[in-house]
Every structure is written in structure tokens, then in C-alpha cells.
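**Q** Sending over protein.cif (mmCIF, C-alpha atoms).
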```cif
data_data
#
loop_
_atom_site.label_atom_id
_atom_site.label_comp_id
_atom_site.auth_asym_id
_atom_site.auth_seq_id
_atom_site.Cartn_x
_atom_site.Cartn_y
_atom_site.Cartn_z
CA MET A 813 0.00 0.00 0.00
CA ILE A 814 2.81 2.43 0.76
CA ARG A 815 3.98 2.45 -2.89
CA LYS A 816 0.48 3.48 -3.93
CA SER A 817 0.40 6.30 -1.37
CA PHE A 818 0.94 9.98 -2.08
CA ILE A 819 -0.31 11.37 1.21
CA PHE A 820 3.24 11.52 2.57
CA LEU A 821 4.04 14.29 0.09
CA GLU A 822 3.86 17.88 1.30
CA ARG A 823 0.48 19.56 0.76
CA ILE A 824 -1.07 16.31 -0.49
CA GLY A 825 -4.04 15.27 1.66
CA ARG A 826 -6.65 12.58 1.16
CA LYS A 827 -8.49 14.58 -1.54
CA GLY A 828 -5.27 15.32 -3.39
CA GLU A 829 -4.29 11.68 -3.27
CA GLU A 830 -7.69 10.60 -4.56
CA ASN A 831 -7.36 13.13 -7.38
CA ILE A 832 -4.09 11.48 -8.41
CA TRP A 833 -5.60 8.00 -8.31
CA LYS A 834 -8.61 9.11 -10.38
CA GLN A 835 -6.22 10.04 -13.17
CA GLY A 836 -5.11 6.40 -13.36
CA ILE A 837 -1.89 7.09 -11.49
CA GLU A 838 -1.96 4.10 -9.15
CA ASP A 839 1.57 4.07 -7.77
CA TRP A 840 4.91 5.89 -7.56
CA ASP A 841 6.28 4.47 -10.81
CA ALA A 842 3.21 5.66 -12.72
CA PHE A 843 3.56 9.12 -11.18
CA LEU A 844 7.20 9.36 -12.22
CA LYS A 845 6.47 8.24 -15.79
CA ILE A 846 3.69 10.73 -16.46
CA GLU A 847 4.66 14.28 -17.38
CA ASN A 848 1.64 16.21 -16.15
CA VAL A 849 -0.72 15.61 -13.24
CA LYS A 850 -3.95 17.59 -13.03
CA GLY A 851 -4.01 19.75 -9.91
CA VAL A 852 -0.21 19.64 -9.56
CA SER A 853 1.94 22.45 -10.94
CA LYS A 854 5.03 21.63 -12.99
CA LYS A 855 7.23 22.95 -10.20
CA SER A 856 5.46 20.80 -7.62
CA LYS A 857 5.61 17.79 -9.94
CA LEU A 858 9.39 18.03 -10.12
CA PHE A 859 9.56 18.40 -6.34
CA TYR A 860 7.28 15.40 -5.80
CA ASN A 861 9.34 13.36 -8.26
CA ARG A 862 12.40 13.92 -6.07
CA LYS A 863 10.50 13.03 -2.91
CA ILE A 864 9.10 9.84 -4.44
CA LYS A 865 12.58 8.79 -5.53
CA GLU A 866 13.75 9.41 -1.97
CA ALA A 867 10.90 7.27 -0.65
CA LYS A 868 11.70 4.47 -3.11
CA LYS A 869 15.32 4.48 -1.96
CA ALA A 870 14.18 4.42 1.68
CA LEU A 871 12.19 1.26 0.99
CA VAL A 872 15.10 -0.38 -0.80
CA ASP A 873 17.32 0.54 2.16
CA GLU A 874 14.59 -0.64 4.58
CA ASP A 875 14.71 2.78 6.20
CA SER A 876 11.18 2.96 7.59
CA SER A 877 12.13 5.95 9.75
CA TYR A 878 12.07 8.06 6.55
CA PHE A 879 8.29 8.16 6.83
CA ILE A 880 8.21 9.51 10.41
CA GLY A 881 6.81 13.02 10.24
CA LYS A 882 5.79 12.51 6.62
CA LEU A 883 2.98 9.99 6.92
CA PRO A 884 0.22 11.16 9.31
CA ALA A 885 0.06 8.98 12.44
CA VAL A 886 -3.31 7.53 11.42
CA GLU A 887 -1.85 6.51 8.06
CA MET A 888 1.13 4.51 9.39
CA TRP A 889 -0.86 1.35 8.66
CA ARG A 890 0.12 1.82 5.01
CA LEU A 891 3.64 0.64 5.87
CA TYR A 892 2.42 -2.66 7.26
CA ASP A 893 2.38 -4.81 4.13
CA TYR A 894 5.91 -3.78 3.12
CA PHE A 895 7.42 -4.22 6.59
CA LYS A 896 5.20 -7.06 7.81
CA GLU A 897 8.10 -9.46 8.35
CA GLU A 898 9.93 -6.81 10.36
CA THR A 899 6.99 -5.61 12.44
CA GLY A 900 7.13 -5.83 16.23
CA TYR A 901 4.10 -5.99 18.52
CA LEU A 902 4.49 -4.30 21.90
CA ASP A 903 2.42 -4.32 25.08
CA ILE A 904 3.31 -3.31 28.62
CA GLU A 905 1.89 -4.04 32.06
CA VAL A 906 2.05 -1.69 35.03
CA ASP A 907 1.61 -2.03 38.79
CA SER A 908 -0.96 -0.20 40.92
CA SER A 909 1.28 2.88 40.97
CA GLY A 910 1.63 2.98 37.20
CA GLY A 911 5.18 1.69 37.20
CA VAL A 912 6.23 -0.53 34.31
CA ILE A 913 6.60 -4.13 35.47
CA LEU A 914 6.55 -6.04 32.20
CA VAL A 915 7.26 -5.31 28.55
CA GLY A 916 6.31 -7.88 25.93
CA ILE A 917 7.66 -7.58 22.39
CA SER A 918 6.98 -10.05 19.61
CA ASP A 919 7.58 -10.56 15.94
CA TYR A 920 5.04 -12.64 14.06
CA TYR A 921 6.42 -15.87 15.48
CA ASN A 922 8.26 -15.41 18.78
CA SER A 923 7.86 -13.27 21.90
CA ASN A 924 10.30 -11.84 24.41
CA PHE A 925 9.34 -10.62 27.85
CA PHE A 926 11.17 -8.14 30.06
CA VAL A 927 10.19 -8.39 33.73
CA LYS A 928 10.93 -5.99 36.59
CA GLY A 929 13.57 -7.44 38.87
CA VAL A 930 14.74 -9.87 36.19
CA ASN A 931 15.62 -8.28 32.85
CA LEU A 932 13.62 -5.06 32.60
CA PHE A 933 16.55 -2.91 31.48
CA ARG A 934 16.66 -0.07 28.99
CA LYS A 935 19.52 -1.48 26.93
CA GLU A 936 17.90 -4.89 26.68
CA ILE A 937 14.60 -3.45 25.47
CA GLU A 938 16.28 -1.04 23.04
CA LYS A 939 18.30 -3.93 21.63
CA GLU A 940 15.09 -5.88 21.02
CA LEU A 941 13.30 -2.88 19.48
CA SER A 942 16.23 -2.30 17.10
CA LYS A 943 15.24 -5.49 15.24
CA TYR A 944 12.04 -3.94 13.90
CA LYS A 945 11.04 -1.47 11.20
CA LEU A 946 7.50 -0.87 12.52
CA ILE A 947 6.05 -1.17 16.03
CA VAL A 948 2.38 -1.95 16.63
CA THR A 949 0.49 -1.24 19.86
CA PHE A 950 -3.07 -0.76 21.05
CA ASN A 951 -3.36 2.71 22.59
CA GLY A 952 0.42 2.85 22.77
CA GLY A 953 0.50 6.47 21.71
CA ALA A 954 -1.30 7.49 24.89
CA PHE A 955 -0.11 4.79 27.28
CA ASP A 956 2.72 2.35 26.48
CA LEU A 957 5.16 4.63 24.71
CA PRO A 958 4.85 7.62 27.10
CA LYS A 959 5.42 5.23 30.02
CA LEU A 960 8.54 3.77 28.44
CA LYS A 961 9.86 7.21 27.60
CA LYS A 962 9.23 8.75 31.02
CA GLN A 963 10.27 5.83 33.18
CA MET A 964 13.03 4.25 31.11
CA GLY A 965 14.09 6.89 28.59
CA ILE A 966 13.11 4.65 25.69
CA VAL A 967 12.08 6.43 22.49
CA LEU A 968 11.04 4.64 19.30
CA GLU A 969 13.21 5.31 16.29
CA VAL A 970 10.87 3.61 13.83
CA PRO A 971 7.25 4.31 12.82
CA HIS A 972 4.54 3.46 15.34
CA LEU A 973 1.18 2.00 14.36
CA ASP A 974 -1.40 2.58 17.10
CA LEU A 975 -4.43 0.38 16.46
CA LYS A 976 -6.84 2.05 18.87
CA PRO A 977 -7.74 5.21 16.88
CA LEU A 978 -7.99 3.09 13.73
CA CYS A 979 -10.34 0.66 15.46
CA VAL A 980 -12.48 3.57 16.66
CA ASN A 981 -12.69 4.87 13.09
CA LEU A 982 -13.92 1.42 12.06
CA GLY A 983 -16.58 1.36 14.77
CA LEU A 984 -14.61 -0.92 17.13
CA VAL A 985 -14.73 1.08 20.34
CA GLY A 986 -13.38 0.14 23.75
CA GLY A 987 -10.20 -1.52 24.92
CA LEU A 988 -8.36 -4.42 23.35
CA LYS A 989 -10.54 -7.00 25.16
CA GLU A 990 -13.71 -5.43 23.76
CA VAL A 991 -12.24 -5.37 20.25
CA GLU A 992 -11.21 -9.01 20.63
CA LYS A 993 -14.78 -9.97 21.45
CA ARG A 994 -16.18 -7.99 18.51
CA LEU A 995 -13.77 -9.79 16.19
CA GLU A 996 -14.42 -13.12 17.91
CA LEU A 997 -10.80 -13.58 18.87
CA GLY A 998 -10.68 -16.09 21.66
CA ARG A 999 -8.37 -16.26 24.65
CA PRO A 1000 -8.29 -18.79 27.52
CA ALA A 1001 -10.74 -17.89 30.29
CA HIS A 1002 -8.00 -17.74 32.93
CA LEU A 1003 -6.23 -15.01 30.93
CA TYR A 1004 -9.01 -12.44 31.34
CA GLY A 1005 -7.76 -11.54 34.81
CA ASN A 1006 -6.26 -8.34 36.17
CA PRO A 1007 -2.48 -8.09 35.60
CA ILE A 1008 -2.10 -5.76 38.60
CA ASP A 1009 -3.63 -8.40 40.88
CA LEU A 1010 -1.33 -11.05 39.43
CA TRP A 1011 1.71 -8.88 40.13
CA LYS A 1012 0.54 -8.21 43.68
CA ALA A 1013 -0.02 -11.92 44.27
CA PHE A 1014 3.43 -12.73 42.94
CA HIS A 1015 5.08 -10.17 45.21
CA ALA A 1016 3.12 -11.31 48.24
CA SER A 1017 3.74 -15.03 47.75
CA GLN A 1018 6.80 -15.19 45.47
CA ASP A 1019 4.91 -17.98 43.76
CA ARG A 1020 6.24 -18.23 40.20
CA GLU A 1021 2.82 -19.39 39.02
CA TYR A 1022 1.44 -15.87 39.33
CA LEU A 1023 4.32 -14.40 37.33
CA ASP A 1024 3.90 -17.05 34.65
CA LEU A 1025 0.20 -16.16 34.40
CA LEU A 1026 1.07 -12.48 34.06
CA ILE A 1027 3.49 -13.27 31.24
CA LYS A 1028 0.90 -15.47 29.51
CA TYR A 1029 -1.67 -12.69 29.89
CA ASN A 1030 0.68 -10.23 28.22
CA GLY A 1031 1.55 -12.79 25.56
CA GLU A 1032 -2.13 -13.22 24.75
CA ASP A 1033 -2.48 -9.47 24.31
CA ILE A 1034 0.42 -9.49 21.85
CA GLU A 1035 -0.96 -12.44 19.89
CA ASN A 1036 -4.31 -10.74 19.48
CA LEU A 1037 -2.61 -7.52 18.38
CA LYS A 1038 -1.45 -9.45 15.32
CA SER A 1039 -4.98 -10.52 14.40
CA VAL A 1040 -6.38 -7.03 14.99
CA THR A 1041 -3.63 -5.56 12.80
CA GLU A 1042 -4.52 -7.89 9.93
CA PHE A 1043 -8.20 -7.01 10.27
CA VAL A 1044 -7.61 -3.26 10.45
CA TYR A 1045 -5.17 -3.27 7.54
CA GLY A 1046 -7.58 -5.23 5.36
CA LYS A 1047 -10.51 -2.94 6.14
CA LEU A 1048 -8.59 0.30 5.62
CA LYS A 1049 -6.99 -0.91 2.40
CA SER A 1050 -10.37 -1.95 0.98
CA LYS A 1051 -11.76 1.51 1.77
CA LEU A 1052 -9.13 3.07 -0.48
CA SER A 1053 -9.55 0.57 -3.31
#
```
Spit out the file's structure as C-alpha cells when you get a sec.

**A**
Amino acid sequence: MIRKSFIFLERIGRKGEENIWKQGIEDWDAFLKIENVKGVSKKSKLFYNRKIKEAKKALVDEDSSYFIGKLPAVEMWRLYDYFKEETGYLDIEVDSSGGVILVGISDYYNSNFFVKGVNLFRKEIEKELSKYKLIVTFNGGAFDLPKLKKQMGIVLEVPHLDLKPLCVNLGLVGGLKEVEKRLELGRPAHLYGNPIDLWKAFHASQDREYLDLLIKYNGEDIENLKSVTEFVYGKLKSKLS
């Protein structure tokens, strides 16, 4: 989808992009080949040609960070199909005071968990994040990422795809659990609990079972992020087709 997108260009919004598509210009290569584009001055056309060539090079170089500040936040989903194999899914858990106690990060196949008192260290998490070209969260723009930045000094250096506002735009309101139910994504009954209570129980008893449940709870969140991403991407892409 990203190679069909023009919304990352300066002064090109949704209407401008649709105007380009209506002229039969479906992707970057078509734009570069055509001499004139209705609604775009010759000077702007030359400028956009340069920017599209830059974007093409960024994709070849797998430099997803090129699109930060160029693609609107709600349009970051357009990068998903190109960087799918290098997408990371992130979810955090906090204690009753709002302190980060667990960070789960997964690619499409494997998950890694960083637990307070064990391996919840900035360098370890940054090392894991460096593997990815796109990070997906649910409400991470308002919750997960600000927490990581404030408490651990961790700042993403790649594009961030926050599913929550996209779900709201598609009529899927509520938290991740509510969205899961709407999409009929199942999870084991014992993993609908409260992560704060699990952390408290672990600290009070030092029973590893409670920590394992907390990790499984977080892992289930991450797994369902993947399914929600696929759903959201499919719906938004079809709307532009």
C-alpha cells in the first residue's frame, strides 16, 4: 500500500491523493512516468518526483524511519504490508502505581518478555526494538510509549502503528478486550484476569505461578494484536480501493 500512497508528500491530503488515483496514477512508478498531473503544478511535480525517488530508496534501504513526520500517524498502517516481516508488537503491564513491570515484544512468530527485577533494562529493550522497522500497539501512543519514555528513557526510532484510533474509526470502540470480542478472537478464560492483581499476588507469595500467568496474559495481548492488525489493515486498504 505504501507504494500506492501519495499522502506523505507535502500539501497532499486525502483529496489530493484521490485526485491522483482518479487520473489512473496508481503508484509511484506511474507518477514518475507521467509528465503532467492535473491539480499539480510543474514545479510541484518536479519536487514530488524527487521526494518519491527518496521514498523508493528508503524502501530499498529498509529505512522505515524516513516516513516519520511525513505519513500522518493515522496513516502509518500503510507501511504494514511492506514491513510485515519486520513488524514488532508491543504491550506493557504496570503495577498499581503505574510503574512498568513487564514489557512484551513479539515478531510474528516469537515473543520476548522483560520483567521488573529480572531483565527489565533499557539497553535490553532497546536492543530488542532495534530489530524492527515498525512497532504496533493498542493505545500505545497514549499509554505504552509515554510510560517507556518517562520511566526508562526509551524512544522509538521507527514508525509506530497505534491500532486504537484506527479501530475507533472502524466502529470498534473500547479496549483491546472489547475489540477481541467484537472480532471473535478467543483467549483462555484464565487469561481475562487483572495483571495488577497477578503482580501483587506474585510479590506477596513469590509464587512463580502468578508471574507465569502475568506473562501469559501479556503474551495473549500481543498475539491478538497481530490478528487485529490484519483485520484493520484489510478494512482500511479496501476503503481506499

**Q** When the PyMOL selection byres ((chain A and resi 964-977) around 7) is applied to the file above, which residues end up in the set, as a list of chain:residue names?

**A**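 Those residues are A:Ser876, A:Ser877, A:Ile880, A:Met888, A:Trp889, A:Arg934, A:Lys945, A:Leu946, A:Ile947, A:Val948, A:Thr949, A:Phe950, A:Asn951, A:Gly952, A:Gly953, A:Leu960, A:Lys961, A:Lys962, A:Gln963, A:Leu978, A:Cys979, A:Val980, A:Asn981.
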
**Q** Figure out the distance between CA of Gly916 in chain A and CA of Val930 in chain A, please, to one decimal in Å.

**A**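 Distance reported for this atom pair: 13.4 Å.
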
**Q** Can you list what the PyMOL selection byres ((chain A and resi 999-1006) around 12) grabs from this structure, as a ChimeraX atom specification?

**A** /A:905-908,988-990,992-993,995-998,1007-1013,1022,1024-1036

**Q** For the PyMOL selection byres ((chain A and resi 856-869) around 9), applied here, can you spell out every residue it catches as number ranges by chain?

**A** A: 815, 818, 821-822, 840-841, 843-844, 847-849, 852-855, 870-875, 878-879

**Q** How far is it from CA of His1015 in chain A to CA of Lys959 in chain A, in Å with one decimal?

**A**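 Separation between CA of His1015 in chain A and CA of Lys959 in chain A: 21.6 Å.
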
**Q** Kindly indicate which residue among A:Ile819, A:Leu932, A:Val912, A:Ile917 lies nearest to Gly881 in chain A, using only C-alpha atoms for the distances.

**A**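 Checking each candidate against Gly881 in chain A, we get A:Ile819 as the closest.
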
**Q** Measuring between only C-alpha atoms, which one of A:Asp903, A:Glu897, A:Glu1021, A:Asp839 shows the shortest distance to Tyr920 in chain A?

**A**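 That would be A:Glu897, the residue with the smallest distance to Tyr920 in chain A.
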
**Q** When distances are computed from all atoms listed in the file, which of A:Glu940, A:Gly911, A:Glu898, A:Pro884 shows the smallest separation from Phe955 in chain A?

**A**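 Of all the options, A:Gly911 lies closest to Phe955 in chain A.
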
**Q** To one decimal in Å, tell me the separation between CA of Val1044 in chain A and CA of Asn831 in chain A.

**A** 24.2 Å

**Q** Near Lys943 in chain A, within 10 Å and counting only C-alpha atoms, which residues show up once chain neighbours fewer than 4 positions away are dropped, as a ChimeraX atom specification?

**A** /A:898-900,919,938-939

**Q** Can you save range 972-985 of chain A of the given block to a file, including all heavy atoms and formatted as a PDB file, in the first residue's frame?

**A**
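What landed in selection-v2.pdb:
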```
ATOM      1  N   HIS A 972       5.420   4.109  14.353  1.00  0.00           N
ATOM      2  CA  HIS A 972       4.545   3.463  15.340  1.00  0.00           C
ATOM      3  C   HIS A 972       3.130   3.397  14.792  1.00  0.00           C
ATOM      4  O   HIS A 972       2.573   4.413  14.374  1.00  0.00           O
ATOM      5  CB  HIS A 972       4.562   4.266  16.642  1.00  0.00           C
ATOM      6  CG  HIS A 972       3.497   3.860  17.614  1.00  0.00           C
ATOM      7  ND1 HIS A 972       2.714   4.782  18.292  1.00  0.00           N
ATOM      8  CD2 HIS A 972       3.075   2.635  18.014  1.00  0.00           C
ATOM      9  CE1 HIS A 972       1.872   4.134  19.070  1.00  0.00           C
ATOM     10  NE2 HIS A 972       2.066   2.831  18.915  1.00  0.00           N
ATOM     11  N   LEU A 973       2.559   2.212  14.792  1.00  0.00           N
ATOM     12  CA  LEU A 973       1.184   1.997  14.358  1.00  0.00           C
ATOM     13  C   LEU A 973       0.321   1.724  15.583  1.00  0.00           C
ATOM     14  O   LEU A 973       0.422   0.668  16.189  1.00  0.00           O
ATOM     15  CB  LEU A 973       1.125   0.815  13.383  1.00  0.00           C
ATOM     16  CG  LEU A 973      -0.247   0.246  13.009  1.00  0.00           C
ATOM     17  CD1 LEU A 973      -1.170   1.336  12.500  1.00  0.00           C
ATOM     18  CD2 LEU A 973      -0.102  -0.853  11.971  1.00  0.00           C
ATOM     19  N   ASP A 974      -0.494   2.710  15.957  1.00  0.00           N
ATOM     20  CA  ASP A 974      -1.396   2.576  17.096  1.00  0.00           C
ATOM     21  C   ASP A 974      -2.763   2.138  16.577  1.00  0.00           C
ATOM     22  O   ASP A 974      -3.424   2.863  15.837  1.00  0.00           O
ATOM     23  CB  ASP A 974      -1.511   3.914  17.833  1.00  0.00           C
ATOM     24  CG  ASP A 974      -2.239   3.797  19.173  1.00  0.00           C
ATOM     25  OD1 ASP A 974      -2.987   2.807  19.367  1.00  0.00           O
ATOM     26  OD2 ASP A 974      -2.057   4.679  20.021  1.00  0.00           O
ATOM     27  N   LEU A 975      -3.185   0.951  16.981  1.00  0.00           N
ATOM     28  CA  LEU A 975      -4.425   0.379  16.460  1.00  0.00           C
ATOM     29  C   LEU A 975      -5.685   1.028  17.025  1.00  0.00           C
ATOM     30  O   LEU A 975      -6.730   1.009  16.370  1.00  0.00           O
ATOM     31  CB  LEU A 975      -4.473  -1.125  16.763  1.00  0.00           C
ATOM     32  CG  LEU A 975      -3.450  -1.998  16.050  1.00  0.00           C
ATOM     33  CD1 LEU A 975      -3.518  -3.418  16.584  1.00  0.00           C
ATOM     34  CD2 LEU A 975      -3.675  -1.983  14.545  1.00  0.00           C
ATOM     35  N   LYS A 976      -5.602   1.589  18.231  1.00  0.00           N
ATOM     36  CA  LYS A 976      -6.836   2.049  18.867  1.00  0.00           C
ATOM     37  C   LYS A 976      -7.599   3.091  18.052  1.00  0.00           C
ATOM     38  O   LYS A 976      -8.802   2.920  17.801  1.00  0.00           O
ATOM     39  CB  LYS A 976      -6.576   2.569  20.277  1.00  0.00           C
ATOM     40  CG  LYS A 976      -7.887   2.969  20.956  1.00  0.00           C
ATOM     41  CD  LYS A 976      -7.749   3.210  22.429  1.00  0.00           C
ATOM     42  CE  LYS A 976      -9.117   3.495  23.048  1.00  0.00           C
ATOM     43  NZ  LYS A 976      -9.042   3.704  24.511  1.00  0.00           N
ATOM     44  N   PRO A 977      -6.970   4.217  17.644  1.00  0.00           N
ATOM     45  CA  PRO A 977      -7.740   5.206  16.877  1.00  0.00           C
ATOM     46  C   PRO A 977      -8.256   4.646  15.557  1.00  0.00           C
ATOM     47  O   PRO A 977      -9.324   5.047  15.084  1.00  0.00           O
ATOM     48  CB  PRO A 977      -6.738   6.351  16.646  1.00  0.00           C
ATOM     49  CG  PRO A 977      -5.396   5.743  16.872  1.00  0.00           C
ATOM     50  CD  PRO A 977      -5.595   4.683  17.895  1.00  0.00           C
ATOM     51  N   LEU A 978      -7.535   3.701  14.973  1.00  0.00           N
ATOM     52  CA  LEU A 978      -7.988   3.087  13.728  1.00  0.00           C
ATOM     53  C   LEU A 978      -9.209   2.212  13.980  1.00  0.00           C
ATOM     54  O   LEU A 978     -10.155   2.205  13.187  1.00  0.00           O
ATOM     55  CB  LEU A 978      -6.863   2.256  13.104  1.00  0.00           C
ATOM     56  CG  LEU A 978      -5.584   3.029  12.775  1.00  0.00           C
ATOM     57  CD1 LEU A 978      -4.547   2.095  12.169  1.00  0.00           C
ATOM     58  CD2 LEU A 978      -5.872   4.188  11.832  1.00  0.00           C
ATOM     59  N   CYS A 979      -9.186   1.483  15.100  1.00  0.00           N
ATOM     60  CA  CYS A 979     -10.340   0.660  15.463  1.00  0.00           C
ATOM     61  C   CYS A 979     -11.569   1.531  15.711  1.00  0.00           C
ATOM     62  O   CYS A 979     -12.679   1.194  15.282  1.00  0.00           O
ATOM     63  CB  CYS A 979     -10.024  -0.176  16.708  1.00  0.00           C
ATOM     64  SG  CYS A 979      -8.965  -1.606  16.396  1.00  0.00           S
ATOM     65  N   VAL A 980     -11.366   2.649  16.391  1.00  0.00           N
ATOM     66  CA  VAL A 980     -12.482   3.569  16.660  1.00  0.00           C
ATOM     67  C   VAL A 980     -13.080   4.060  15.346  1.00  0.00           C
ATOM     68  O   VAL A 980     -14.301   4.122  15.185  1.00  0.00           O
ATOM     69  CB  VAL A 980     -12.004   4.756  17.524  1.00  0.00           C
ATOM     70  CG1 VAL A 980     -13.088   5.824  17.605  1.00  0.00           C
ATOM     71  CG2 VAL A 980     -11.635   4.281  18.930  1.00  0.00           C
ATOM     72  N   ASN A 981     -12.212   4.395  14.394  1.00  0.00           N
ATOM     73  CA  ASN A 981     -12.689   4.867  13.086  1.00  0.00           C
ATOM     74  C   ASN A 981     -13.472   3.792  12.343  1.00  0.00           C
ATOM     75  O   ASN A 981     -14.305   4.100  11.479  1.00  0.00           O
ATOM     76  CB  ASN A 981     -11.507   5.323  12.231  1.00  0.00           C
ATOM     77  CG  ASN A 981     -10.882   6.613  12.728  1.00  0.00           C
ATOM     78  OD1 ASN A 981     -11.498   7.353  13.491  1.00  0.00           O
ATOM     79  ND2 ASN A 981      -9.650   6.875  12.328  1.00  0.00           N
ATOM     80  N   LEU A 982     -13.211   2.531  12.691  1.00  0.00           N
ATOM     81  CA  LEU A 982     -13.920   1.417  12.055  1.00  0.00           C
ATOM     82  C   LEU A 982     -15.123   0.950  12.878  1.00  0.00           C
ATOM     83  O   LEU A 982     -15.744  -0.049  12.559  1.00  0.00           O
ATOM     84  CB  LEU A 982     -12.953   0.236  11.850  1.00  0.00           C
ATOM     85  CG  LEU A 982     -11.832   0.457  10.826  1.00  0.00           C
ATOM     86  CD1 LEU A 982     -10.853  -0.710  10.852  1.00  0.00           C
ATOM     87  CD2 LEU A 982     -12.410   0.647   9.429  1.00  0.00           C
ATOM     88  N   GLY A 983     -15.424   1.699  13.943  1.00  0.00           N
ATOM     89  CA  GLY A 983     -16.577   1.363  14.774  1.00  0.00           C
ATOM     90  C   GLY A 983     -16.288   0.343  15.853  1.00  0.00           C
ATOM     91  O   GLY A 983     -17.213  -0.151  16.508  1.00  0.00           O
ATOM     92  N   LEU A 984     -15.007   0.034  16.075  1.00  0.00           N
ATOM     93  CA  LEU A 984     -14.613  -0.915  17.125  1.00  0.00           C
ATOM     94  C   LEU A 984     -14.135  -0.121  18.339  1.00  0.00           C
ATOM     95  O   LEU A 984     -12.949   0.162  18.489  1.00  0.00           O
ATOM     96  CB  LEU A 984     -13.497  -1.837  16.614  1.00  0.00           C
ATOM     97  CG  LEU A 984     -13.860  -2.737  15.433  1.00  0.00           C
ATOM     98  CD1 LEU A 984     -12.614  -3.418  14.883  1.00  0.00           C
ATOM     99  CD2 LEU A 984     -14.896  -3.781  15.844  1.00  0.00           C
ATOM    100  N   VAL A 985     -15.064   0.246  19.193  1.00  0.00           N
ATOM    101  CA  VAL A 985     -14.728   1.084  20.343  1.00  0.00           C
ATOM    102  C   VAL A 985     -14.383   0.215  21.553  1.00  0.00           C
ATOM    103  O   VAL A 985     -14.695  -0.966  21.603  1.00  0.00           O
ATOM    104  CB  VAL A 985     -15.878   2.045  20.693  1.00  0.00           C
ATOM    105  CG1 VAL A 985     -16.138   2.983  19.544  1.00  0.00           C
ATOM    106  CG2 VAL A 985     -17.147   1.267  21.038  1.00  0.00           C
TER     107      VAL A 985
END
```
